[in-house]
$ cat protein_0.cif   # mmCIF, C-alpha atoms
data_query
#
loop_
_atom_site.label_atom_id
_atom_site.label_comp_id
_atom_site.auth_asym_id
_atom_site.auth_seq_id
_atom_site.Cartn_x
_atom_site.Cartn_y
_atom_site.Cartn_z
CA MET A 59 2.42 11.09 24.77
CA ARG A 60 -0.91 12.87 24.96
CA SER A 61 -2.76 15.56 26.85
CA GLU A 62 -6.10 14.99 28.62
CA ASN A 63 -7.54 18.17 27.10
CA ILE A 64 -9.94 17.52 24.25
CA VAL A 65 -9.93 20.28 21.64
CA LEU A 66 -12.49 18.71 19.34
CA ASN A 67 -15.17 16.09 19.91
CA GLU A 68 -17.69 14.94 17.36
CA ILE A 69 -19.58 11.93 16.08
CA LEU A 70 -18.82 10.48 12.65
CA PRO A 71 -22.11 8.90 11.55
CA SER A 72 -22.39 5.62 9.70
CA SER A 73 -21.33 5.63 6.00
CA VAL A 74 -20.00 9.18 5.72
CA LYS A 75 -16.60 10.74 5.13
CA TRP A 76 -14.56 13.15 7.19
CA SER A 77 -11.27 14.99 7.00
CA LYS A 78 -9.11 17.19 9.16
CA ILE A 79 -5.52 18.24 9.59
CA ILE A 80 -4.24 16.66 12.81
CA LYS A 81 -1.42 18.86 14.07
CA ARG A 82 1.99 17.60 15.17
CA GLY A 83 1.74 16.51 18.80
CA GLN A 84 -2.03 16.10 18.75
CA THR A 85 -3.63 12.70 19.29
CA ILE A 86 -6.82 11.60 17.58
CA GLN A 87 -8.93 9.02 19.37
CA LEU A 88 -11.41 6.94 17.38
CA LYS A 89 -14.02 5.22 19.53
CA ALA A 90 -16.42 2.51 18.29
CA LEU A 91 -19.94 3.45 19.40
CA GLY A 92 -21.40 0.13 18.24
CA GLU A 93 -20.40 -3.45 17.49
CA ASN A 94 -19.87 -3.03 13.77
CA ALA A 95 -17.12 -0.42 13.49
CA SER A 96 -15.14 -0.20 10.24
CA LEU A 97 -13.16 2.79 9.03
CA SER A 98 -10.86 3.34 6.08
CA ALA A 99 -8.14 5.99 6.22
CA MET A 100 -5.82 7.74 3.79
CA PHE A 101 -3.36 10.31 5.16
CA TYR A 102 -0.68 12.70 4.03
CA ASN A 103 1.88 15.20 5.22
CA ALA A 104 -0.38 18.26 5.26
CA SER A 105 2.53 20.52 4.26
CA ASN A 106 3.60 18.35 1.31
CA VAL A 107 0.94 15.93 0.16
CA ALA A 108 3.43 14.17 -2.12
CA GLU A 109 4.53 12.57 1.17
CA ARG A 110 1.89 10.04 2.18
CA PHE A 111 1.20 6.87 4.13
CA ASN A 112 3.15 4.00 2.60
CA SER A 113 1.74 0.63 3.62
CA ALA A 114 4.59 -1.31 2.01
CA ASP A 115 7.29 0.55 3.91
CA THR A 116 5.20 0.35 7.09
CA VAL A 117 4.95 -3.46 7.06
CA LYS A 118 8.42 -4.08 5.65
CA ILE A 119 10.24 -1.81 8.06
CA GLN A 120 8.43 -3.26 11.09
CA TRP A 121 8.71 -6.90 9.91
CA ASN A 122 4.99 -7.55 10.14
CA ALA A 123 1.97 -7.40 7.83
CA PHE A 124 -0.21 -6.66 10.86
CA LEU A 125 -0.22 -3.58 13.08
CA ASN A 126 -0.54 -3.10 16.81
CA LYS A 127 -0.05 -0.54 19.57
CA ASN A 128 3.47 0.93 19.48
CA ASN A 129 3.80 0.45 15.75
CA VAL A 130 4.18 3.53 13.59
CA LEU A 131 2.72 4.49 10.23
CA PHE A 132 5.50 5.49 7.87
CA SER A 133 5.53 7.72 4.83
CA GLU A 134 7.78 6.77 1.89
CA MET A 135 10.21 9.38 3.22
CA GLY A 136 11.31 7.29 6.21
CA ARG A 137 9.32 9.55 8.51
CA VAL A 138 6.45 8.85 10.88
CA LEU A 139 3.01 10.27 10.13
CA PHE A 140 1.22 8.64 13.07
CA ALA A 141 2.26 6.46 16.00
CA ILE A 142 -0.36 3.98 17.22
CA THR A 143 -0.33 4.98 20.89
CA GLN A 144 -3.47 3.19 22.10
CA ASP A 145 -5.40 0.22 20.78
CA THR A 146 -7.97 -1.65 22.86
CA THR A 147 -9.04 -3.71 19.80
CA ASP A 148 -5.91 -5.89 20.02
CA GLY A 149 -4.72 -5.30 16.50
CA LEU A 150 -7.78 -4.67 14.35
CA PHE A 151 -5.94 -2.99 11.48
CA ASP A 152 -5.68 -3.95 7.82
CA THR A 153 -3.25 -2.66 5.21
CA LEU A 154 -3.84 -5.41 2.65
CA ALA A 155 -7.38 -5.34 1.29
CA GLY A 156 -7.86 -1.74 0.20
CA ILE A 157 -11.19 -0.02 -0.27
CA SER A 158 -14.64 -0.57 -1.73
CA ASN A 159 -16.01 0.87 -4.96
CA PRO A 160 -19.59 1.00 -6.28
CA ARG A 161 -19.26 -2.39 -8.01
CA ILE A 162 -18.13 -4.09 -4.80
CA ILE A 163 -20.84 -2.44 -2.69
CA LYS A 164 -23.45 -3.69 -5.14
CA GLU A 165 -22.01 -7.23 -5.00
CA ASN A 166 -21.60 -7.35 -1.23
CA PHE A 167 -24.94 -5.76 -0.30
CA LYS A 168 -27.45 -7.18 -2.71
CA GLU A 169 -30.34 -4.80 -2.28
CA GLU A 170 -30.28 -1.63 -4.29
CA ALA A 171 -29.83 1.26 -1.91
CA THR A 172 -29.61 4.34 -4.05
CA TYR A 173 -30.13 7.93 -3.06
CA ASP A 174 -33.40 7.77 -4.99
CA SER A 175 -34.71 4.91 -2.85
CA CYS A 176 -33.02 5.60 0.48
CA ARG A 177 -32.19 9.30 0.51
CA ASN A 178 -29.14 9.89 2.73
CA ALA A 179 -29.02 6.30 3.97
CA TYR A 180 -27.86 5.17 0.52
CA TYR A 181 -24.93 2.76 0.45
CA LYS A 182 -21.81 4.80 -0.11
CA SER A 183 -18.50 3.28 -1.22
CA ASP A 184 -15.02 4.23 -0.07
CA ARG A 185 -14.02 5.26 -3.57
CA GLU A 186 -16.75 7.91 -3.75
CA ASN A 187 -16.10 9.05 -0.18
CA PHE A 188 -12.36 9.46 -0.71
CA LEU A 189 -12.65 11.16 -4.10
CA ILE A 190 -15.12 13.70 -2.68
CA GLU A 191 -13.06 14.43 0.41
CA LEU A 192 -9.71 14.53 -1.45
CA GLY A 193 -11.22 16.98 -3.92
CA LYS A 194 -11.72 19.51 -1.14
CA TYR A 195 -7.93 19.78 -0.82
CA GLY A 196 -7.28 19.92 -4.56
CA LEU A 197 -6.39 16.23 -4.53
CA GLY A 198 -7.75 13.44 -6.71
CA LYS A 199 -7.21 10.02 -8.19
CA LYS A 200 -3.42 10.31 -8.13
CA ASP A 201 -3.70 10.71 -4.38
CA MET A 202 -5.69 7.54 -3.74
CA ILE A 203 -3.26 5.28 -1.89
CA PRO A 204 -3.43 1.75 -0.48
CA ALA A 205 -5.55 2.59 2.55
CA LEU A 206 -5.28 1.75 6.22
CA ASN A 207 -8.45 0.04 7.45
CA LEU A 208 -9.26 0.37 11.15
CA PHE A 209 -11.42 -1.84 13.42
CA ARG A 210 -11.23 -4.81 11.02
CA LYS A 211 -8.37 -7.17 10.21
CA VAL A 212 -7.51 -9.38 7.23
CA ASP A 213 -5.63 -12.59 7.97
CA VAL A 214 -3.03 -14.25 5.74
CA LYS A 215 -3.87 -17.96 5.96
CA GLY A 216 -1.55 -20.75 4.88
CA GLY A 217 1.11 -18.25 3.90
CA SER A 218 -0.91 -16.57 1.16
CA ASN A 219 -4.73 -16.57 1.40
CA LEU A 220 -6.51 -13.39 2.39
CA GLU A 221 -9.50 -13.82 4.71
CA LEU A 222 -11.45 -11.20 6.60
CA ASN A 223 -11.05 -11.95 10.30
CA PRO A 224 -14.55 -12.37 11.80
CA ARG A 225 -13.68 -10.41 14.93
CA TYR A 226 -15.20 -6.96 15.46
CA ALA A 227 -14.25 -4.21 17.87
CA LYS A 228 -16.35 -4.07 21.03
CA LYS A 229 -18.54 -1.06 21.73
CA GLY A 230 -16.29 1.48 23.45
CA ASP A 231 -13.02 0.18 21.95
CA VAL A 232 -10.59 2.94 21.05
CA ILE A 233 -7.67 3.43 18.70
CA GLU A 234 -5.43 6.44 19.27
CA LEU A 235 -3.07 7.87 16.69
CA THR A 236 -0.53 10.51 17.68
CA ALA A 237 0.56 12.80 14.85
CA LEU A 238 4.32 13.26 14.43
CA MET A 239 3.78 15.90 11.75
CA ASP A 240 0.76 17.89 10.59
CA VAL A 241 -1.24 15.12 8.97
CA LEU A 242 -4.13 15.50 6.55
CA LEU A 243 -6.37 12.60 7.58
CA ILE A 244 -9.30 11.40 5.46
CA LEU A 245 -11.75 8.87 6.90
CA SER A 246 -14.53 6.86 5.27
CA ASN A 247 -16.96 5.10 7.63
CA THR A 248 -18.06 2.18 5.47
CA PRO A 249 -18.18 -1.62 5.75
CA HIS A 250 -14.87 -3.37 5.16
CA VAL A 251 -14.34 -4.13 1.47
CA MET A 252 -14.36 -7.90 2.20
CA ASP A 253 -17.48 -7.76 4.40
CA LYS A 254 -19.96 -10.23 2.88
CA THR A 255 -22.51 -10.22 5.71
CA GLY A 256 -24.95 -8.39 3.48
CA VAL A 257 -25.73 -5.91 6.25
CA TYR A 258 -24.61 -2.35 5.54
CA ASN A 259 -24.39 -0.88 8.99
CA PRO A 260 -21.00 0.51 10.03
CA SER A 261 -21.14 1.87 13.59
CA ASP A 262 -20.94 5.53 14.44
CA ILE A 263 -17.46 6.61 15.55
CA GLU A 264 -16.72 9.19 18.22
CA ILE A 265 -13.76 11.35 17.27
CA SER A 266 -11.81 13.16 19.97
CA ILE A 267 -8.71 15.22 19.31
CA PHE A 268 -6.41 15.91 22.26
CA GLU A 269 -4.39 19.09 22.35
CA SER A 270 -0.83 19.10 21.13
CA VAL A 271 2.01 18.21 23.48
CA ALA A 272 5.78 18.42 22.96
CA PHE A 273 7.52 15.09 22.39
CA LYS A 274 9.95 13.77 25.00
CA ASP A 275 12.57 11.06 24.55
CA GLU A 276 10.77 8.72 26.95
CA ASP A 277 7.73 8.76 24.67
CA TYR A 278 9.68 6.53 22.29
CA ALA A 279 10.89 3.96 24.82
CA ASP A 280 8.43 1.21 23.88
CA PHE A 281 9.00 1.48 20.13
CA SER A 282 11.32 -0.57 17.91
CA ASP A 283 14.73 0.65 16.78
CA GLU A 284 13.30 1.14 13.29
CA ALA A 285 10.44 3.28 14.65
CA LYS A 286 12.94 5.27 16.74
CA ARG A 287 14.97 6.05 13.62
CA GLY A 288 11.70 7.12 11.99
CA PHE A 289 11.07 9.49 14.93
CA GLN A 290 14.63 10.81 14.56
CA ASN A 291 14.13 11.45 10.84
CA THR A 292 10.83 13.18 11.60
CA ASN A 293 12.30 15.38 14.32
CA ARG A 294 15.14 16.38 11.99
CA TYR A 295 12.53 17.43 9.42
CA PHE A 296 11.26 20.04 11.88
CA VAL A 297 14.66 21.54 12.75
CA MET B 18 2.73 -17.84 -33.56
CA SER B 19 5.32 -19.67 -31.51
CA LYS B 20 7.43 -17.35 -29.46
CA ASN B 21 11.17 -17.44 -29.89
CA ILE B 22 13.90 -14.86 -29.65
CA GLU B 23 14.01 -14.42 -33.44
CA ASN B 24 10.42 -13.20 -33.69
CA ALA B 25 10.46 -10.96 -30.60
CA VAL B 26 9.74 -7.30 -31.31
CA TYR B 27 11.86 -6.20 -28.34
CA ASN B 28 14.72 -7.99 -26.64
CA GLU B 29 17.09 -6.14 -24.31
CA LYS B 30 19.36 -6.94 -21.41
CA ILE B 31 19.01 -4.50 -18.48
CA LEU B 32 21.99 -4.27 -16.18
CA SER B 33 21.60 -4.31 -12.42
CA GLY B 34 20.58 -1.09 -10.72
CA LEU B 35 19.08 0.49 -13.84
CA PRO B 36 15.60 1.93 -14.46
CA TRP B 37 13.61 0.89 -17.54
CA SER B 38 10.33 1.97 -19.06
CA GLY B 39 8.39 0.73 -22.05
CA VAL B 40 4.89 0.27 -23.40
CA VAL B 41 3.44 -3.20 -23.86
CA LYS B 42 0.57 -2.86 -26.30
CA LYS B 43 -2.76 -4.61 -25.85
CA GLY B 44 -2.37 -8.24 -26.91
CA GLN B 45 1.43 -8.25 -26.69
CA THR B 46 3.29 -10.65 -24.42
CA PHE B 47 5.94 -9.36 -22.01
CA ARG B 48 8.57 -11.63 -20.47
CA ILE B 49 10.99 -10.78 -17.66
CA VAL B 50 13.93 -13.16 -17.33
CA ASP B 51 16.00 -13.42 -14.16
CA LEU B 52 19.26 -14.13 -16.00
CA GLU B 53 21.37 -15.20 -13.04
CA GLY B 54 18.72 -15.99 -10.43
CA CYS B 55 17.77 -14.34 -7.12
CA GLN B 56 17.30 -10.87 -8.59
CA ALA B 57 14.43 -8.60 -7.51
CA VAL B 58 12.63 -6.73 -10.30
CA ASP B 59 10.52 -3.88 -8.93
CA THR B 60 7.72 -3.26 -11.42
CA LEU B 61 4.82 -0.80 -11.79
CA PHE B 62 2.08 -0.67 -14.45
CA TYR B 63 0.01 2.21 -15.87
CA ASN B 64 -2.62 2.67 -18.52
CA ALA B 65 -0.32 3.97 -21.27
CA ASN B 66 -3.00 6.46 -22.32
CA ASN B 67 -3.89 7.71 -18.83
CA PHE B 68 -1.32 7.48 -16.05
CA ASP B 69 -4.00 8.17 -13.44
CA GLU B 70 -5.04 4.56 -13.93
CA LYS B 71 -2.36 2.38 -12.39
CA TYR B 72 -1.69 -1.07 -10.98
CA SER B 73 -3.49 -1.42 -7.65
CA PRO B 74 -1.80 -3.82 -5.23
CA THR B 75 -4.77 -3.96 -2.85
CA ASP B 76 -7.37 -4.63 -5.55
CA THR B 77 -5.13 -7.23 -7.21
CA ILE B 78 -4.49 -9.33 -4.10
CA ARG B 79 -8.00 -8.93 -2.67
CA GLU B 80 -9.76 -10.00 -5.87
CA GLN B 81 -7.65 -13.17 -6.15
CA ARG B 82 -7.60 -13.69 -2.35
CA SER B 83 -3.85 -14.28 -2.38
CA ILE B 84 -0.86 -12.07 -1.66
CA PHE B 85 1.33 -13.63 -4.34
CA ILE B 86 1.56 -13.07 -8.09
CA THR B 87 1.80 -16.21 -10.24
CA THR B 88 0.25 -17.86 -13.30
CA GLY B 89 -3.40 -16.85 -13.56
CA THR B 90 -3.04 -13.61 -11.60
CA LYS B 91 -4.87 -10.69 -13.13
CA LEU B 92 -3.24 -7.34 -12.41
CA ILE B 93 -6.13 -5.04 -11.49
CA SER B 94 -5.98 -1.28 -11.97
CA SER B 95 -7.04 1.49 -9.64
CA ASP B 96 -10.11 1.86 -11.90
CA ASP B 97 -11.08 -1.81 -11.48
CA ASN B 98 -9.91 -2.97 -14.92
CA VAL B 99 -7.62 -5.89 -15.78
CA MET B 100 -4.30 -4.54 -17.08
CA MET B 101 -2.24 -7.71 -17.47
CA GLU B 102 -2.67 -11.42 -16.93
CA ILE B 103 0.22 -13.62 -15.88
CA VAL B 104 0.35 -16.59 -18.27
CA LYS B 105 3.64 -18.30 -17.39
CA ASP B 106 5.79 -18.36 -14.29
CA SER B 107 8.73 -20.71 -13.87
CA CYS B 108 9.59 -19.28 -10.43
CA GLY B 109 6.48 -19.88 -8.31
CA ASN B 110 5.46 -16.66 -6.67
CA HIS B 111 6.29 -12.99 -6.58
CA ASP B 112 5.94 -10.39 -3.83
CA THR B 113 3.23 -7.73 -3.59
CA LEU B 114 3.78 -6.42 -0.06
CA GLY B 115 7.36 -5.22 0.26
CA GLY B 116 7.28 -2.23 -2.07
CA HIS B 117 10.53 -0.66 -3.20
CA CYS B 118 13.65 0.45 -1.39
CA SER B 119 14.42 4.13 -1.00
CA ALA B 120 17.20 6.25 0.47
CA GLU B 121 14.86 7.25 3.26
CA SER B 122 13.51 3.81 4.14
CA ASN B 123 17.07 2.43 4.00
CA SER B 124 17.99 4.99 6.65
CA VAL B 125 15.25 3.66 8.92
CA ARG B 126 15.77 -0.05 8.19
CA PHE B 127 19.53 -0.29 8.14
CA GLY B 128 20.87 2.82 9.88
CA LEU B 129 20.86 6.56 9.32
CA ASP B 130 24.26 6.24 7.58
CA LYS B 131 22.72 4.13 4.77
CA LYS B 132 20.93 7.08 3.20
CA TYR B 133 23.16 7.68 0.19
CA MET B 134 23.02 4.31 -1.52
CA HIS B 135 21.31 3.81 -4.88
CA SER B 136 17.68 2.74 -4.56
CA CYS B 137 14.60 1.72 -6.52
CA ARG B 138 12.74 4.88 -5.56
CA ASP B 139 15.55 6.94 -7.11
CA ASN B 140 15.01 4.92 -10.29
CA TYR B 141 11.26 5.48 -10.19
CA LEU B 142 11.67 9.20 -9.52
CA THR B 143 14.03 9.40 -12.51
CA LEU B 144 11.49 7.65 -14.73
CA VAL B 145 8.46 9.67 -13.61
CA GLY B 146 10.53 12.83 -14.07
CA GLU B 147 11.63 11.88 -17.59
CA LEU B 148 8.13 10.82 -18.59
CA GLU B 149 6.57 13.93 -17.02
CA MET B 150 4.48 11.80 -14.72
CA SER B 151 4.05 12.67 -11.04
CA PRO B 152 5.79 11.18 -7.98
CA LYS B 153 2.21 10.63 -6.80
CA ASP B 154 1.92 7.98 -9.51
CA ILE B 155 4.36 5.73 -7.65
CA THR B 156 2.61 3.08 -5.58
CA ASN B 157 3.40 -0.28 -3.98
CA ASN B 158 5.05 -2.20 -6.82
CA ILE B 159 5.30 -5.89 -7.61
CA ASN B 160 8.67 -7.42 -6.84
CA PHE B 161 9.12 -10.15 -9.40
CA PHE B 162 11.37 -12.98 -8.16
CA MET B 163 11.51 -11.53 -4.63
CA ASN B 164 10.71 -13.91 -1.77
CA VAL B 165 8.66 -12.45 1.11
CA PRO B 166 6.91 -15.19 3.11
CA VAL B 167 4.23 -14.14 5.62
CA ASN B 168 3.48 -16.17 8.76
CA GLU B 169 0.08 -16.58 10.45
CA ASP B 170 1.12 -13.98 13.04
CA GLY B 171 1.89 -11.55 10.24
CA HIS B 172 5.67 -11.78 10.57
CA LEU B 173 7.17 -10.87 7.24
CA ALA B 174 10.74 -10.76 6.01
CA ILE B 175 12.57 -10.46 2.74
CA GLU B 176 14.34 -13.81 2.54
CA ASP B 177 16.78 -15.51 0.20
CA GLY B 178 15.41 -15.60 -3.33
CA ILE B 179 14.03 -18.84 -4.74
CA SER B 180 14.39 -17.98 -8.43
CA LYS B 181 16.96 -19.94 -10.41
CA LYS B 182 19.16 -18.82 -13.27
CA GLY B 183 16.92 -18.25 -16.30
CA ASP B 184 13.60 -18.26 -14.44
CA TYR B 185 11.02 -16.05 -16.10
CA VAL B 186 7.56 -14.64 -15.74
CA GLU B 187 5.36 -13.86 -18.73
CA MET B 188 2.25 -11.71 -18.99
CA VAL B 189 -0.21 -10.63 -21.66
CA ALA B 190 -1.42 -7.02 -21.81
CA LEU B 191 -5.18 -6.44 -21.79
CA MET B 192 -4.68 -2.71 -22.33
CA ASP B 193 -1.82 -0.62 -23.65
CA THR B 194 0.34 -0.71 -20.54
CA LEU B 195 3.27 1.45 -19.56
CA VAL B 196 5.73 -0.60 -17.49
CA LEU B 197 8.25 0.99 -15.13
CA ILE B 198 11.02 -1.24 -13.81
CA SER B 199 13.78 -0.73 -11.30
CA ASN B 200 16.28 -3.59 -11.51
CA CYS B 201 16.83 -3.47 -7.76
CA PRO B 202 20.22 -2.18 -6.50
CA GLN B 203 19.64 -3.00 -2.81
CA LEU B 204 22.84 -4.21 -1.09
CA ASN B 205 21.57 -4.38 2.49
CA ASN B 206 19.31 -7.43 2.40
CA PRO B 207 18.94 -10.74 0.55
CA CYS B 208 16.21 -9.54 -1.86
CA ASN B 209 18.72 -10.09 -4.64
CA GLY B 210 21.25 -12.26 -2.85
CA TYR B 211 23.32 -9.16 -1.94
CA ASN B 212 24.44 -9.27 -5.56
CA PRO B 213 22.25 -7.36 -8.02
CA THR B 214 22.37 -8.92 -11.51
CA PRO B 215 21.03 -8.23 -15.04
CA ILE B 216 17.63 -9.17 -16.41
CA GLN B 217 16.33 -9.69 -19.95
CA LEU B 218 13.12 -8.04 -21.16
CA ILE B 219 11.35 -9.50 -24.19
CA ILE B 220 8.15 -8.46 -25.99
CA TRP B 221 6.23 -10.43 -28.62
CA ASP B 222 3.36 -9.30 -30.80
CA LYS B 223 0.05 -11.12 -30.55
#

$ encode --input "protein_0.cif" --output "structure tokens"
Amino acid sequence: MRSENIVLNEILPSSVKWSKIIKRGQTIQLKALGENASLSAMFYNASNVAERFNSADTVKIQWNAFLNKNNVLFSEMGRVLFAITQDTTDGLFDTLAGISNPRIIKENFKEEATYDSCRNAYYKSDRENFLIELGKYGLGKKDMIPALNLFRKVDVKGGSNLELNPRYAKKGDVIELTALMDVLLILSNTPHVMDKTGVYNPSDIEISIFESVAFKDEDYADFSDEAKRGFQNTNRYFV
Amino acid sequence: MSKNIENAVYNEKILSGLPWSGVVKKGQTFRIVDLEGCQAVDTLFYNANNFDEKYSPTDTIREQRSIFITTGTKLISSDDNVMMEIVKDSCGNHDTLGGHCSAESNSVRFGLDKKYMHSCRDNYLTLVGELEMSPKDITNNINFFMNVPVNEDGHLAIEDGISKKGDYVEMVALMDTLVLISNCPQLNNPCNGYNPTPIQLIIWDK
């Protein structure tokens, strides 16, 4: 489902935000460059931002609160924004816990790390990162959605209790997302909102975007019937 | 003041499949009654004075460390404020993960030919249109009385309801709260026992 030709390669440093429109047929690879990777993502149909990632539909339609390779990320329009086409982390995704805000950062990382004391190493929260990056597209609070967290997972214990899974991605682990439409992707490279280690040190992430390829029917072979209908709906959108 | 039907300031029956909106003022108590049992009541909450502040499913379940809504749950807003607190619940638990049905998700879940059935998202879009809100204000709602167990491996399914005839959930508003409800019309799964039924909505002053 993807080309070998990289059209963009860059490093996303610890704690910062990033955004780009990933074009239909392109694949974005996110590689953990350390042992403490943790990203949060919000994403939208770039041509109609009222269509956006819907975590509820994504887990309900695929019968699982957790995500893995060959799952898809649905919008509320029954269409696929991204397919998860590679995942060497064995399922380090989280749709349940959401994002951090300044209050939570202060509680989770006791020491004060302000711009005044730390300059650009200050402890940023997801909320600030997303609001800033959304603003660049004319978007704002209304566009803050239940996020997809990557490289960390939250378990549901005993049928109801939320616990941050202690497992981290290994250095060099990759997650690849193939765009089924032009997707506005916003990333925030911050500790997971439930991370209570007290160490604010999310790993750098290497971002590679592979050039667009046309979709073929065999690309969908390993996906569920529900995902296939999502691909069908998405393809019809582009007729 | 003891709460009974005579001293309620609002008391209406909402038929199956209908949308409803109303404001529960700070200090008022809001009760949703599942009149016949096994109904799903898709519900969203907003700061009545600023729709940009809305119920946040992720903040609500993370702060209480549980995916279910029941007595003691505080409904947290997208601005980190408590909007409502659940004070009584005769059912047991209520879903936060499943969201609402839509024409488009029905087409993916149940077949492309299921697109033109009535859905909760149609109800929400009607309400946000009438109230001059934005479709962007719609988020993952609470499904009162809907039963969605989650296994250790993450498997999740909408299963037969566990609410009985007359079960109710009651909450107190900590801010003036706009409530949007879709009394779920889904006919393709057991969220409402394949038989959508009416609910009763009751509000009492402090």

$ closest_residue --input "protein_0.cif" --among "A:Leu197, A:Leu206, A:Ala237, A:Val271" --to "A:Arg137" --atoms "only C-alpha atoms"
A:Ala237

$ closest_residue --input "protein_0.cif" --among "A:Ser175, A:Thr236, A:Asn291, A:Ser77" --to "A:Leu189" --atoms "all atoms listed in the file"
A:Ser77

$ axis_aligned_box --input "protein_0.cif" --around "stretch 88-101 of chain B" --padding-each-side "3 Å" --output "lines of an AutoDock Vina configuration file"
center_x = -5.4
center_y = -8.0
center_z = -13.6
size_x = 17.3
size_y = 25.7
size_z = 13.8

$ interface_residues --input "protein_0.cif" --of "chain A" --to "chain B" --cutoff "8 Å" --atoms "all atoms listed in the file" --output "PyMOL selection string"
chain A and resi 108+112-115+117-119+121-124+134-137+154-157+199-201+203-204+213-221+284-285+287-288

$ closest_residue --input "protein_0.cif" --among "A:Asp240, A:Asp231, A:Asp253, A:Glu276" --to "A:Arg82" --atoms "only C-alpha atoms"
A:Asp240

$ resolve_selection --input "protein_0.cif" --expression "the PyMOL selection byres ((chain A and resi 234) around 7)" --output "list of chain:residue names"
A:Thr85, A:Ile86, A:Gln87, A:Leu88, A:Ile142, A:Thr143, A:Gln144, A:Asp145, A:Val232, A:Ile233, A:Leu235, A:Thr236

$ closest_residue --input "protein_0.cif" --among "B:Ser180, B:Asp139, B:Ile219, B:Asn67" --to "B:Leu35" --atoms "all atoms listed in the file"
B:Asp139

$ resolve_selection --input "protein_0.cif" --expression "the PyMOL selection byres ((chain B and resi 190-199) around 7)" --output "number ranges by chain"
B: 34-46, 58-65, 99-102, 137, 140-141, 188-189, 200-201

$ residues_around --input "protein_0.cif" --residues "stretch 20-24 of chain B" --least-positions-apart "6" --cutoff "12 Å" --atoms "all atoms listed in the file" --output "list in words"
Gln45, Thr46, Phe47, Arg48, Glu187, Gln217, Leu218, Ile219, Ile220, Trp221, Asp222 and Lys223 of chain B

$ closest_residue --input "protein_0.cif" --among "A:Leu245, A:Ala95, A:Asn166, A:Phe296" --to "A:Asn187" --atoms "all atoms listed in the file"
A:Leu245

$ residues_around --input "protein_0.cif" --residues "B:Thr88" --least-positions-apart "3" --cutoff "8 Å" --atoms "all atoms listed in the file" --output "ChimeraX atom specification"
/B:102-106

$ write_last_selection --input "protein_0.cif" --atoms "C-alpha atoms" --output "short mmCIF file (atom, residue, chain, number, x, y, z; two decimals), keeping the file's coordinate frame"
data_model
loop_
_atom_site.label_atom_id
_atom_site.label_comp_id
_atom_site.auth_asym_id
_atom_site.auth_seq_id
_atom_site.Cartn_x
_atom_site.Cartn_y
_atom_site.Cartn_z
CA GLU B 102 -2.67 -11.42 -16.93
CA ILE B 103 0.22 -13.62 -15.88
CA VAL B 104 0.35 -16.59 -18.27
CA LYS B 105 3.64 -18.30 -17.39
CA ASP B 106 5.79 -18.36 -14.29
#

$ atom_distance --input "protein_0.cif" --atom1 "atom CA of B:Glu53" --atom2 "atom CA of B:Met134"
22.7 Å

$ closest_residue --input "protein_0.cif" --among "B:Asn206, B:Ser94, B:Thr87, B:Gln56" --to "B:Ser107" --atoms "all atoms listed in the file"
B:Thr87

$ atom_distance --input "protein_0.cif" --atom1 "atom CA of A:Gly256" --atom2 "atom CA of A:Asn126"
28.3 Å

$ residues_around --input "protein_0.cif" --residues "A:Ile69" --least-positions-apart "6" --cutoff "7 Å" --atoms "all atoms listed in the file" --output "PyMOL selection string"
chain A and resi 262-265

$ resolve_selection --input "protein_0.cif" --expression "the PyMOL selection byres ((chain A and resi 258) around 12)" --output "number ranges by chain"
A: 72-73, 94-96, 163-171, 179-183, 247-251, 253-257, 259-261

$ residues_around --input "protein_0.cif" --residues "B:Leu52" --least-positions-apart "4" --cutoff "8 Å" --atoms "all atoms listed in the file" --output "compact mmCIF listing (two decimals) with C-alpha atoms, in the frame of the given file"
# COMPACT_ATOMS: atom_id res chain seq x y z
CA LYS B 182 19.16 -18.82 -13.27
CA GLY B 183 16.92 -18.25 -16.30
CA ASP B 184 13.60 -18.26 -14.44
CA THR B 214 22.37 -8.92 -11.51
CA PRO B 215 21.03 -8.23 -15.04
CA ILE B 216 17.63 -9.17 -16.41
CA GLN B 217 16.33 -9.69 -19.95

$ residues_around --input "protein_0.cif" --residues "A:Phe268" --least-positions-apart "5" --cutoff "6 Å" --atoms "only C-alpha atoms" --output "list in words"
Ser61, Asn63, Ile64, Val65, Gln84 and Thr85 of chain A

$ write_last_selection --input "protein_0.cif" --atoms "C-alpha atoms" --output "mmCIF file, keeping the file's coordinate frame"
data_model
loop_
_atom_site.group_PDB
_atom_site.id
_atom_site.type_symbol
_atom_site.label_atom_id
_atom_site.label_comp_id
_atom_site.auth_asym_id
_atom_site.auth_seq_id
_atom_site.Cartn_x
_atom_site.Cartn_y
_atom_site.Cartn_z
ATOM 1 C CA SER A 61 -2.760 15.560 26.850
ATOM 2 C CA ASN A 63 -7.540 18.170 27.100
ATOM 3 C CA ILE A 64 -9.940 17.520 24.250
ATOM 4 C CA VAL A 65 -9.930 20.280 21.640
ATOM 5 C CA GLN A 84 -2.030 16.100 18.750
ATOM 6 C CA THR A 85 -3.630 12.700 19.290
#
